[in-house]
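Asks: Here it is: the structure, laid out below.
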Amino acid sequence: MNKKMLIAIIGSVTILTIGGVLFTQISKNHQANQLIIDKCFENFEKDGTVVIKKDGFWSPVICERG
């Protein structure tokens, strides 16, 4: 194997590893946010309103009653 091929293989493995880790983290965040939203609407009263807020991409959702 020449040097360029080795660099290409290492780079590809690195990109795939980072992508897999990010995908796993996004999936975990989605599941956690879904639980928060479900609990928020379970306790929802018919007279009030619920506002779901999210500060950023990695932040959890916030359930506020209006």
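Ligands are numbered from 1 in the order shown, chains are lettered A, B, ... in the order of the structure tokens, and residues start at 1 in each chain.
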Within chain A, find each residue whose DSSP state, derived from the backbone, is alpha helix (DSSP H), and express the selection as a count of residues only.

Replies: 40

Asks: Find the spatial neighbours of stretch 25-30 of chain A, counting only C-alpha atoms, within a cut-off of 10 Å - ignore same-chain residues fewer than 4 positions away - and output them as a ChimeraX atom specification.

Replies: /A:19-21,34-36,57-61

Asks: Any chance you could export the current selection's N, CA and C atoms as a PDB file, in the first residue's frame?

Replies:
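Ended up saving to out.pdb:
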```pdb
ATOM      1  N   GLY A  19     -19.315  10.108  12.188  1.00  0.00           N
ATOM      2  CA  GLY A  19     -20.715  10.084  11.752  1.00  0.00           C
ATOM      3  C   GLY A  19     -21.552   9.128  12.596  1.00  0.00           C
ATOM      4  N   GLY A  20     -21.005   7.967  12.904  1.00  0.00           N
ATOM      5  CA  GLY A  20     -21.724   7.007  13.742  1.00  0.00           C
ATOM      6  C   GLY A  20     -21.960   7.520  15.141  1.00  0.00           C
ATOM      7  N   VAL A  21     -20.957   8.156  15.717  1.00  0.00           N
ATOM      8  CA  VAL A  21     -21.096   8.723  17.061  1.00  0.00           C
ATOM      9  C   VAL A  21     -22.134   9.836  17.063  1.00  0.00           C
ATOM     10  N   GLN A  34     -38.526  13.165  23.110  1.00  0.00           N
ATOM     11  CA  GLN A  34     -39.841  12.572  22.904  1.00  0.00           C
ATOM     12  C   GLN A  34     -40.487  12.204  24.235  1.00  0.00           C
ATOM     13  N   LEU A  35     -39.697  11.700  25.186  1.00  0.00           N
ATOM     14  CA  LEU A  35     -40.217  11.386  26.514  1.00  0.00           C
ATOM     15  C   LEU A  35     -40.699  12.650  27.232  1.00  0.00           C
ATOM     16  N   ILE A  36     -39.920  13.718  27.131  1.00  0.00           N
ATOM     17  CA  ILE A  36     -40.303  14.987  27.761  1.00  0.00           C
ATOM     18  C   ILE A  36     -41.615  15.492  27.164  1.00  0.00           C
ATOM     19  N   PHE A  57     -29.709  23.104  18.857  1.00  0.00           N
ATOM     20  CA  PHE A  57     -29.763  21.773  18.258  1.00  0.00           C
ATOM     21  C   PHE A  57     -29.502  20.680  19.282  1.00  0.00           C
ATOM     22  N   TRP A  58     -28.534  20.864  20.171  1.00  0.00           N
ATOM     23  CA  TRP A  58     -28.167  19.833  21.139  1.00  0.00           C
ATOM     24  C   TRP A  58     -28.912  19.967  22.455  1.00  0.00           C
ATOM     25  N   SER A  59     -29.680  21.031  22.635  1.00  0.00           N
ATOM     26  CA  SER A  59     -30.348  21.248  23.918  1.00  0.00           C
ATOM     27  C   SER A  59     -31.642  20.424  24.006  1.00  0.00           C
ATOM     28  N   PRO A  60     -32.045  20.072  25.229  1.00  0.00           N
ATOM     29  CA  PRO A  60     -33.305  19.358  25.394  1.00  0.00           C
ATOM     30  C   PRO A  60     -34.484  20.300  25.235  1.00  0.00           C
ATOM     31  N   VAL A  61     -35.651  19.730  24.989  1.00  0.00           N
ATOM     32  CA  VAL A  61     -36.851  20.554  24.870  1.00  0.00           C
ATOM     33  C   VAL A  61     -37.313  20.982  26.259  1.00  0.00           C
TER      34      VAL A  61
END
```

Asks: When you look at A:Asp38 with a cut-off of 12 Å (counting only C-alpha atoms), what residues show up, excluding the ones that are within fewer than 3 positions of it in the same chain? I need them as an NGL selection string.

Replies: :A and (31-35 or 41-44 or 50 or 52 or 61-63)

Asks: Where in chain A does DSSP assign strand (DSSP E), given as a PyMOL selection string?

Replies: chain A and resi 50-54+61-65
